[in-house]
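Here's target.pdb, which has PDB, C-alpha atoms, pLDDT in the B column:
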ATOM      1  CA  MET A   1    -135.707  81.073 -55.300  1.00 46.00           C
ATOM      2  CA  ARG A   2    -132.627  82.489 -56.999  1.00 44.00           C
ATOM      3  CA  ALA A   3    -130.362  80.576 -54.633  1.00 47.00           C
ATOM      4  CA  ALA A   4    -132.089  77.310 -55.455  1.00 48.00           C
ATOM      5  CA  ARG A   5    -131.754  77.826 -59.238  1.00 48.00           C
ATOM      6  CA  ASP A   6    -128.319  79.405 -59.366  1.00 48.00           C
ATOM      7  CA  PRO A   7    -126.269  78.346 -56.336  1.00 48.00           C
ATOM      8  CA  LYS A   8    -123.332  80.553 -55.495  1.00 50.00           C
ATOM      9  CA  PRO A   9    -120.078  78.625 -56.016  1.00 50.00           C
ATOM     10  CA  ALA A  10    -118.032  78.119 -52.879  1.00 48.00           C
ATOM     11  CA  LYS A  11    -114.685  79.877 -52.727  1.00 49.00           C
ATOM     12  CA  PRO A  12    -111.577  77.704 -52.319  1.00 50.00           C
ATOM     13  CA  GLY A  13    -110.837  77.189 -48.653  1.00 48.00           C
ATOM     14  CA  GLU A  14    -114.464  77.807 -47.632  1.00 47.00           C
ATOM     15  CA  SER A  15    -115.487  74.191 -47.727  1.00 48.00           C
ATOM     16  CA  HIS A  16    -117.164  72.998 -44.557  1.00 49.00           C
ATOM     17  CA  PRO A  17    -116.675  69.258 -44.184  1.00 47.00           C
ATOM     18  CA  THR A  18    -119.383  67.245 -42.567  1.00 48.00           C
ATOM     19  CA  GLU A  19    -118.633  65.053 -39.607  1.00 45.00           C
ATOM     20  CA  SER A  20    -118.541  61.847 -41.630  1.00 45.00           C
ATOM     21  CA  ASP A  21    -116.407  63.354 -44.427  1.00 46.00           C
ATOM     22  CA  ALA A  22    -113.837  64.699 -42.019  1.00 42.00           C
ATOM     23  CA  LEU A  23    -113.532  61.513 -39.987  1.00 44.00           C
ATOM     24  CA  ARG A  24    -113.293  59.436 -43.173  1.00 43.00           C
ATOM     25  CA  ASP A  25    -110.478  61.591 -44.580  1.00 43.00           C
ATOM     26  CA  ALA A  26    -107.953  60.779 -41.871  1.00 41.00           C
ATOM     27  CA  SER A  27    -105.359  59.182 -44.140  1.00 43.00           C
ATOM     28  CA  GLY A  28    -101.826  60.078 -43.199  1.00 45.00           C
ATOM     29  CA  ARG A  29    -102.848  61.957 -40.070  1.00 50.00           C
ATOM     30  CA  GLY A  30    -103.511  60.967 -36.496  1.00 54.00           C
ATOM     31  CA  PRO A  31    -107.032  60.219 -35.249  1.00 62.00           C
ATOM     32  CA  LEU A  32    -109.547  63.044 -35.626  1.00 67.00           C
ATOM     33  CA  VAL A  33    -112.600  63.867 -33.532  1.00 70.00           C
ATOM     34  CA  TRP A  34    -115.670  65.994 -34.222  1.00 73.00           C
ATOM     35  CA  ASP A  35    -115.948  68.943 -31.823  1.00 73.00           C
ATOM     36  CA  GLU A  36    -119.631  69.882 -31.448  1.00 76.00           C
ATOM     37  CA  ALA A  37    -118.817  73.203 -29.772  1.00 78.00           C
ATOM     38  CA  THR A  38    -116.792  74.555 -32.693  1.00 77.00           C
ATOM     39  CA  ARG A  39    -118.444  72.349 -35.343  1.00 74.00           C
ATOM     40  CA  ARG A  40    -115.001  71.397 -36.628  1.00 75.00           C
ATOM     41  CA  VAL A  41    -112.792  68.371 -36.848  1.00 72.00           C
ATOM     42  CA  THR A  42    -109.763  68.569 -34.580  1.00 71.00           C
ATOM     43  CA  PRO A  43    -106.874  66.199 -33.927  1.00 69.00           C
ATOM     44  CA  ALA A  44    -107.598  63.845 -31.049  1.00 64.00           C
ATOM     45  CA  LYS A  45    -105.505  64.318 -27.958  1.00 60.00           C
ATOM     46  CA  PRO A  46    -103.363  61.231 -27.348  1.00 55.00           C
ATOM     47  CA  ARG A  47    -104.439  59.136 -24.433  1.00 56.00           C
ATOM     48  CA  GLY A  48    -101.872  59.106 -21.679  1.00 56.00           C
ATOM     49  CA  PHE A  49    -101.057  57.306 -18.509  1.00 55.00           C
ATOM     50  CA  PRO A  50    -102.551  59.117 -15.529  1.00 60.00           C
ATOM     51  CA  ARG A  51     -99.810  60.346 -13.204  1.00 61.00           C
ATOM     52  CA  VAL A  52     -97.022  58.659 -15.204  1.00 60.00           C
ATOM     53  CA  PRO A  53     -94.458  60.995 -16.762  1.00 58.00           C
ATOM     54  CA  THR A  54     -94.479  59.540 -20.288  1.00 56.00           C
ATOM     55  CA  HIS A  55     -92.304  62.445 -21.405  1.00 57.00           C
ATOM     56  CA  VAL A  56     -89.601  60.901 -19.212  1.00 58.00           C
ATOM     57  CA  VAL A  57     -90.093  57.168 -19.883  1.00 59.00           C
ATOM     58  CA  GLY A  58     -91.129  57.634 -23.499  1.00 58.00           C
ATOM     59  CA  ALA A  59     -94.337  56.555 -25.179  1.00 55.00           C
ATOM     60  CA  VAL A  60     -94.018  54.426 -28.281  1.00 54.00           C
ATOM     61  CA  HIS A  61     -95.420  56.393 -31.253  1.00 58.00           C
ATOM     62  CA  GLU A  62     -98.351  54.529 -32.760  1.00 55.00           C
ATOM     63  CA  ARG A  63    -102.071  54.735 -33.397  1.00 57.00           C
ATOM     64  CA  ARG A  64    -103.258  52.292 -30.747  1.00 60.00           C
ATOM     65  CA  LEU A  65    -106.231  53.109 -28.557  1.00 68.00           C
ATOM     66  CA  TYR A  66    -104.134  52.695 -25.398  1.00 70.00           C
ATOM     67  CA  PRO A  67    -100.606  54.112 -25.754  1.00 73.00           C
ATOM     68  CA  ARG A  68     -97.676  51.981 -24.728  1.00 76.00           C
ATOM     69  CA  ALA A  69     -94.868  53.098 -22.447  1.00 83.00           C
ATOM     70  CA  ALA A  70     -91.396  51.887 -23.382  1.00 86.00           C
ATOM     71  CA  LEU A  71     -90.587  50.449 -19.953  1.00 88.00           C
ATOM     72  CA  ARG A  72     -88.234  47.586 -19.120  1.00 91.00           C
ATOM     73  CA  LEU A  73     -89.963  45.983 -16.143  1.00 92.00           C
ATOM     74  CA  PRO A  74     -89.229  42.540 -14.669  1.00 93.00           C
ATOM     75  CA  LEU A  75     -91.755  39.973 -15.867  1.00 93.00           C
ATOM     76  CA  ARG A  76     -92.244  36.338 -14.837  1.00 93.00           C
ATOM     77  CA  LEU A  77     -94.150  33.884 -16.984  1.00 92.00           C
ATOM     78  CA  LYS A  78     -95.972  31.758 -14.379  1.00 92.00           C
ATOM     79  CA  ARG A  79     -98.389  29.603 -16.429  1.00 91.00           C
ATOM     80  CA  VAL A  80     -98.784  28.701 -20.084  1.00 91.00           C
ATOM     81  CA  ALA A  81    -102.044  27.037 -21.227  1.00 90.00           C
ATOM     82  CA  GLY A  82    -102.912  26.295 -17.586  1.00 89.00           C
ATOM     83  CA  GLN A  83     -99.613  24.464 -16.920  1.00 90.00           C
ATOM     84  CA  ARG A  84     -97.353  25.904 -14.226  1.00 90.00           C
ATOM     85  CA  GLU A  85     -93.864  26.757 -15.445  1.00 86.00           C
ATOM     86  CA  PRO A  86     -91.353  24.409 -13.762  1.00 86.00           C
ATOM     87  CA  ALA A  87     -88.794  27.195 -13.274  1.00 82.00           C
ATOM     88  CA  PRO A  88     -90.233  30.667 -13.888  1.00 76.00           C
ATOM     89  CA  VAL A  89     -87.604  32.751 -15.646  1.00 78.00           C
ATOM     90  CA  THR A  90     -87.445  36.507 -15.126  1.00 87.00           C
ATOM     91  CA  LEU A  91     -87.823  38.314 -18.442  1.00 93.00           C
ATOM     92  CA  LEU A  92     -88.131  42.028 -19.281  1.00 93.00           C
ATOM     93  CA  THR A  93     -90.986  43.929 -20.869  1.00 93.00           C
ATOM     94  CA  LYS A  94     -90.216  45.955 -24.005  1.00 92.00           C
ATOM     95  CA  ASN A  95     -93.366  48.069 -23.719  1.00 92.00           C
ATOM     96  CA  ILE A  96     -96.558  47.959 -21.694  1.00 91.00           C
ATOM     97  CA  SER A  97     -99.989  49.612 -21.651  1.00 88.00           C
ATOM     98  CA  SER A  98    -103.169  49.281 -19.663  1.00 86.00           C
ATOM     99  CA  SER A  99    -104.403  46.659 -22.139  1.00 89.00           C
ATOM    100  CA  GLY A 100    -101.327  44.559 -22.885  1.00 92.00           C
ATOM    101  CA  VAL A 101     -97.587  43.946 -22.893  1.00 94.00           C
ATOM    102  CA  TYR A 102     -94.834  43.102 -25.373  1.00 94.00           C
ATOM    103  CA  PHE A 103     -91.834  41.077 -24.198  1.00 95.00           C
ATOM    104  CA  LEU A 104     -89.081  38.796 -25.464  1.00 93.00           C
ATOM    105  CA  CYS A 105     -89.162  35.119 -24.523  1.00 92.00           C
ATOM    106  CA  PRO A 106     -86.949  32.122 -25.352  1.00 91.00           C
ATOM    107  CA  ARG A 107     -90.074  30.029 -25.845  1.00 88.00           C
ATOM    108  CA  TRP A 108     -92.517  29.974 -28.789  1.00 90.00           C
ATOM    109  CA  ILE A 109     -96.106  30.299 -27.565  1.00 92.00           C
ATOM    110  CA  GLU A 110     -98.906  29.923 -30.092  1.00 94.00           C
ATOM    111  CA  PRO A 111    -101.232  32.957 -30.539  1.00 94.00           C
ATOM    112  CA  GLY A 112    -104.468  32.525 -28.589  1.00 93.00           C
ATOM    113  CA  THR A 113    -102.762  30.562 -25.783  1.00 94.00           C
ATOM    114  CA  PRO A 114    -103.805  31.703 -22.276  1.00 95.00           C
ATOM    115  CA  ILE A 115    -100.922  32.678 -19.986  1.00 94.00           C
ATOM    116  CA  GLU A 116    -100.400  34.076 -16.503  1.00 94.00           C
ATOM    117  CA  LEU A 117     -97.823  36.822 -15.940  1.00 93.00           C
ATOM    118  CA  GLU A 118     -96.393  38.685 -12.995  1.00 93.00           C
ATOM    119  CA  VAL A 119     -94.931  42.135 -13.684  1.00 93.00           C
ATOM    120  CA  GLY A 120     -92.887  44.024 -11.082  1.00 90.00           C
ATOM    121  CA  LEU A 121     -94.210  47.593 -11.230  1.00 88.00           C
ATOM    122  CA  VAL A 122     -92.357  48.954  -8.199  1.00 86.00           C
ATOM    123  CA  GLU A 123     -89.369  47.093  -6.762  1.00 80.00           C
ATOM    124  CA  ARG A 124     -88.136  48.241  -3.333  1.00 76.00           C
ATOM    125  CA  PRO A 125     -85.275  46.908  -1.244  1.00 70.00           C
ATOM    126  CA  LEU A 126     -86.281  44.212   1.242  1.00 65.00           C
ATOM    127  CA  GLY A 127     -89.743  44.104  -0.345  1.00 59.00           C
ATOM    128  CA  LYS A 128     -91.053  47.089   1.612  1.00 72.00           C
ATOM    129  CA  GLY A 129     -93.393  48.952  -0.736  1.00 77.00           C
ATOM    130  CA  SER A 130     -93.029  46.692  -3.779  1.00 83.00           C
ATOM    131  CA  VAL A 131     -96.022  46.425  -6.127  1.00 87.00           C
ATOM    132  CA  ARG A 132     -96.563  43.506  -8.504  1.00 89.00           C
ATOM    133  CA  MET A 133     -99.260  43.047 -11.111  1.00 91.00           C
ATOM    134  CA  THR A 134    -100.524  39.511 -11.692  1.00 92.00           C
ATOM    135  CA  THR A 135    -102.557  39.091 -14.819  1.00 92.00           C
ATOM    136  CA  ALA A 136    -104.328  36.450 -16.823  1.00 94.00           C
ATOM    137  CA  ALA A 137    -103.660  37.193 -20.469  1.00 95.00           C
ATOM    138  CA  HIS A 138    -103.560  35.598 -23.899  1.00 95.00           C
ATOM    139  CA  ILE A 139    -100.970  35.783 -26.651  1.00 95.00           C
ATOM    140  CA  VAL A 140    -102.127  37.869 -29.612  1.00 95.00           C
ATOM    141  CA  ARG A 141     -98.946  37.997 -31.714  1.00 94.00           C
ATOM    142  CA  VAL A 142     -95.578  36.219 -32.012  1.00 94.00           C
ATOM    143  CA  GLU A 143     -92.708  37.831 -33.937  1.00 93.00           C
ATOM    144  CA  PRO A 144     -89.184  36.727 -34.776  1.00 91.00           C
ATOM    145  CA  THR A 145     -86.384  38.746 -33.176  1.00 91.00           C
ATOM    146  CA  ASP A 146     -82.780  39.524 -34.008  1.00 90.00           C
ATOM    147  CA  THR A 147     -81.591  37.257 -31.180  1.00 88.00           C
ATOM    148  CA  PRO A 148     -81.527  33.597 -32.264  1.00 91.00           C
ATOM    149  CA  GLY A 149     -83.858  31.397 -30.219  1.00 90.00           C
ATOM    150  CA  TRP A 150     -85.902  34.302 -28.845  1.00 93.00           C
ATOM    151  CA  HIS A 151     -89.394  35.426 -29.870  1.00 94.00           C
ATOM    152  CA  GLY A 152     -91.276  38.698 -29.406  1.00 94.00           C
ATOM    153  CA  LEU A 153     -94.626  38.013 -27.726  1.00 95.00           C
ATOM    154  CA  ALA A 154     -97.536  40.440 -27.519  1.00 94.00           C
ATOM    155  CA  ALA A 155    -100.139  39.600 -24.891  1.00 95.00           C
ATOM    156  CA  SER A 156    -103.502  41.176 -24.145  1.00 93.00           C
ATOM    157  CA  PHE A 157    -104.593  41.372 -20.495  1.00 92.00           C
ATOM    158  CA  ASP A 158    -107.797  39.555 -19.538  1.00 92.00           C
ATOM    159  CA  ASP A 159    -107.797  40.042 -15.759  1.00 90.00           C
ATOM    160  CA  ILE A 160    -105.478  42.150 -13.594  1.00 89.00           C
ATOM    161  CA  SER A 161    -104.786  42.141  -9.857  1.00 89.00           C
ATOM    162  CA  PHE A 162    -102.166  43.955  -7.792  1.00 88.00           C
ATOM    163  CA  GLN A 163    -100.165  42.722  -4.794  1.00 85.00           C
ATOM    164  CA  ARG A 164     -98.438  45.064  -2.369  1.00 83.00           C
ATOM    165  CA  ASP A 165     -95.826  44.126   0.214  1.00 80.00           C
ATOM    166  CA  GLU A 166     -97.176  46.477   2.834  1.00 73.00           C
ATOM    167  CA  ALA A 167    -100.654  47.519   3.827  1.00 68.00           C
ATOM    168  CA  ILE A 168    -102.196  50.632   2.310  1.00 68.00           C
ATOM    169  CA  PRO A 169    -102.468  53.393   4.939  1.00 70.00           C
ATOM    170  CA  PRO A 170    -106.091  53.898   6.043  1.00 73.00           C
ATOM    171  CA  ARG A 171    -106.172  57.483   4.751  1.00 76.00           C
ATOM    172  CA  PHE A 172    -105.758  56.149   1.172  1.00 73.00           C
ATOM    173  CA  GLN A 173    -108.351  53.373   1.436  1.00 73.00           C
ATOM    174  CA  LYS A 174    -111.890  53.850   0.178  1.00 73.00           C
ATOM    175  CA  SER A 175    -114.392  54.047   3.007  1.00 64.00           C
TER     176      SER A 175
END
So that I can check it, write out the structure of this file as structure tokens.
Amino acid sequence: MRAARDPKPAKPGESHPTESDALRDASGRGPLVWDEATRRVTPAKPRGFPRVPTHVVGAVHERRLYPRAALRLPLRLKRVAGQREPAPVTLLTKNISSSGVYFLCPRWIEPGTPIELEVGLVERPLGKGSVRMTTAAHIVRVEPTDTPGWHGLAASFDDISFQRDEAIPPRFQKS
């Protein structure tokens, strides 16, 4: 009963945050997660690209759910709002993730507009072993750039498919 009437004051540094308090107090720090095993809040490990050396290509520092790799890959804008581009121009990505891409374009495209893109992931001479990603996407953000007449476009992928120039060896195919 003594403890109920006269609680012992907690010493500084002995505070044990609850799960909700710790996750709520994430201002100024990276994302935090509750570890049930240790009953503590720990910094979340950043999500990475499986089998891609982001320490070499660089990952853009941000708090997005899917990290972006700062890669300059060839990109072709094939369709805008369902209309085929008369002369698809090859552009370059600024950064890319598994959920979207950011690139510069000489054309203003309204946010929400559906587009179709083709990104060259692996380019090989004579097309032997090249891999291209074709994706249906939609524009989520348009930004002005330092280059007059160009716009920074952020697109979110809706559907992704891959095309290879050569067949996958049978030992790598699912049975």
Spatial neighbours of segment 90-97 of chain A, 8 Å, all atoms listed in the file, chain gap at least 2 places, as a list of chain:residue names |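 In the requested form, the answer reads A:Val60, A:Tyr66, A:Pro67, A:Arg68, A:Ala69, A:Ala70, A:Leu71, A:Arg72, A:Leu73, A:Pro74, A:Leu75, A:Arg76, A:Leu77, A:Pro88, A:Ser99, A:Gly100, A:Val101, A:Tyr102, A:Phe103, A:Leu104, A:Cys105.
The space between atom CA of Asp158 of chain A and atom CA of Arg141 of chain A spans 15.1 Å.
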Please identify all polymer residues within 10 Å of Glu166 of chain A, counting all atoms listed in the file, omitting same-chain residues fewer than 5 positions from it, and present them as an mmCIF file with C-alpha atoms, in the frame of the given file.
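Written file, result30.cif:
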data_model
loop_
_atom_site.group_PDB
_atom_site.id
_atom_site.type_symbol
_atom_site.label_atom_id
_atom_site.label_comp_id
_atom_site.auth_asym_id
_atom_site.auth_seq_id
_atom_site.Cartn_x
_atom_site.Cartn_y
_atom_site.Cartn_z
ATOM 1 C CA GLY A 127 -89.743 44.104 -0.345
ATOM 2 C CA LYS A 128 -91.053 47.089 1.612
ATOM 3 C CA GLY A 129 -93.393 48.952 -0.736
ATOM 4 C CA SER A 130 -93.029 46.692 -3.779
ATOM 5 C CA VAL A 131 -96.022 46.425 -6.127
#
d(atom CA of Asp146 of chain A, atom CA of Pro111 of chain A) in Å =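 Separating atom CA of Asp146 of chain A from atom CA of Pro111 of chain A is a distance of 19.9 Å.
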Thr134 of chain A environment, 9 Å, all atoms listed in the file, sequence neighbours closer than 3 positions dropped, as a ChimeraX atom specification = /A:116-120,159-163
Atom CA of Leu153 of chain A to atom CA of Ile115 of chain A, distance in Å rounded to a single decimal = 11.3 Å
For Pro144 of chain A, which residue among A:Val122, A:Ile109, A:Ala37, A:Val80 is the nearest when counting only C-alpha atoms?
->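 Using only C-alpha atoms, the shortest distance to Pro144 of chain A belongs to A:Ile109.
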Could you tell me which of A:Arg40, A:Ser98, A:His138, A:Asp165 comes closest to Arg124 of chain A if we count all atoms listed in the file?
-> A:Asp165
Selected residue of minimal separation from Met133 of chain A among A:Phe157, A:Pro114, A:Pro86, A:Trp150, counting only C-alpha atoms =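 Looking at the shortest contact to Met133 of chain A, the residue is A:Phe157.
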Counting only C-alpha atoms, which of A:Glu85, A:Thr113, A:Pro125, A:Arg164 gets nearest to Val140 of chain A?
-> A:Thr113
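Of the listed residues (A:Ala155, A:Arg84, A:Phe172, A:Thr42), A:Ala155 comes nearest to Ala136 of chain A; the distances count all atoms listed in the file.
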What are the centre and the three edge lengths of an axis-aligned box that wraps all atoms of segment 65-79 of chain A in the file, given that 3 Å is added to every side, written as lines of an AutoDock Vina configuration file and rounded to one decimal in Å?
center_x = -97.2
center_y = 41.9
center_z = -21.5
size_x = 24.0
size_y = 30.5
size_z = 20.2
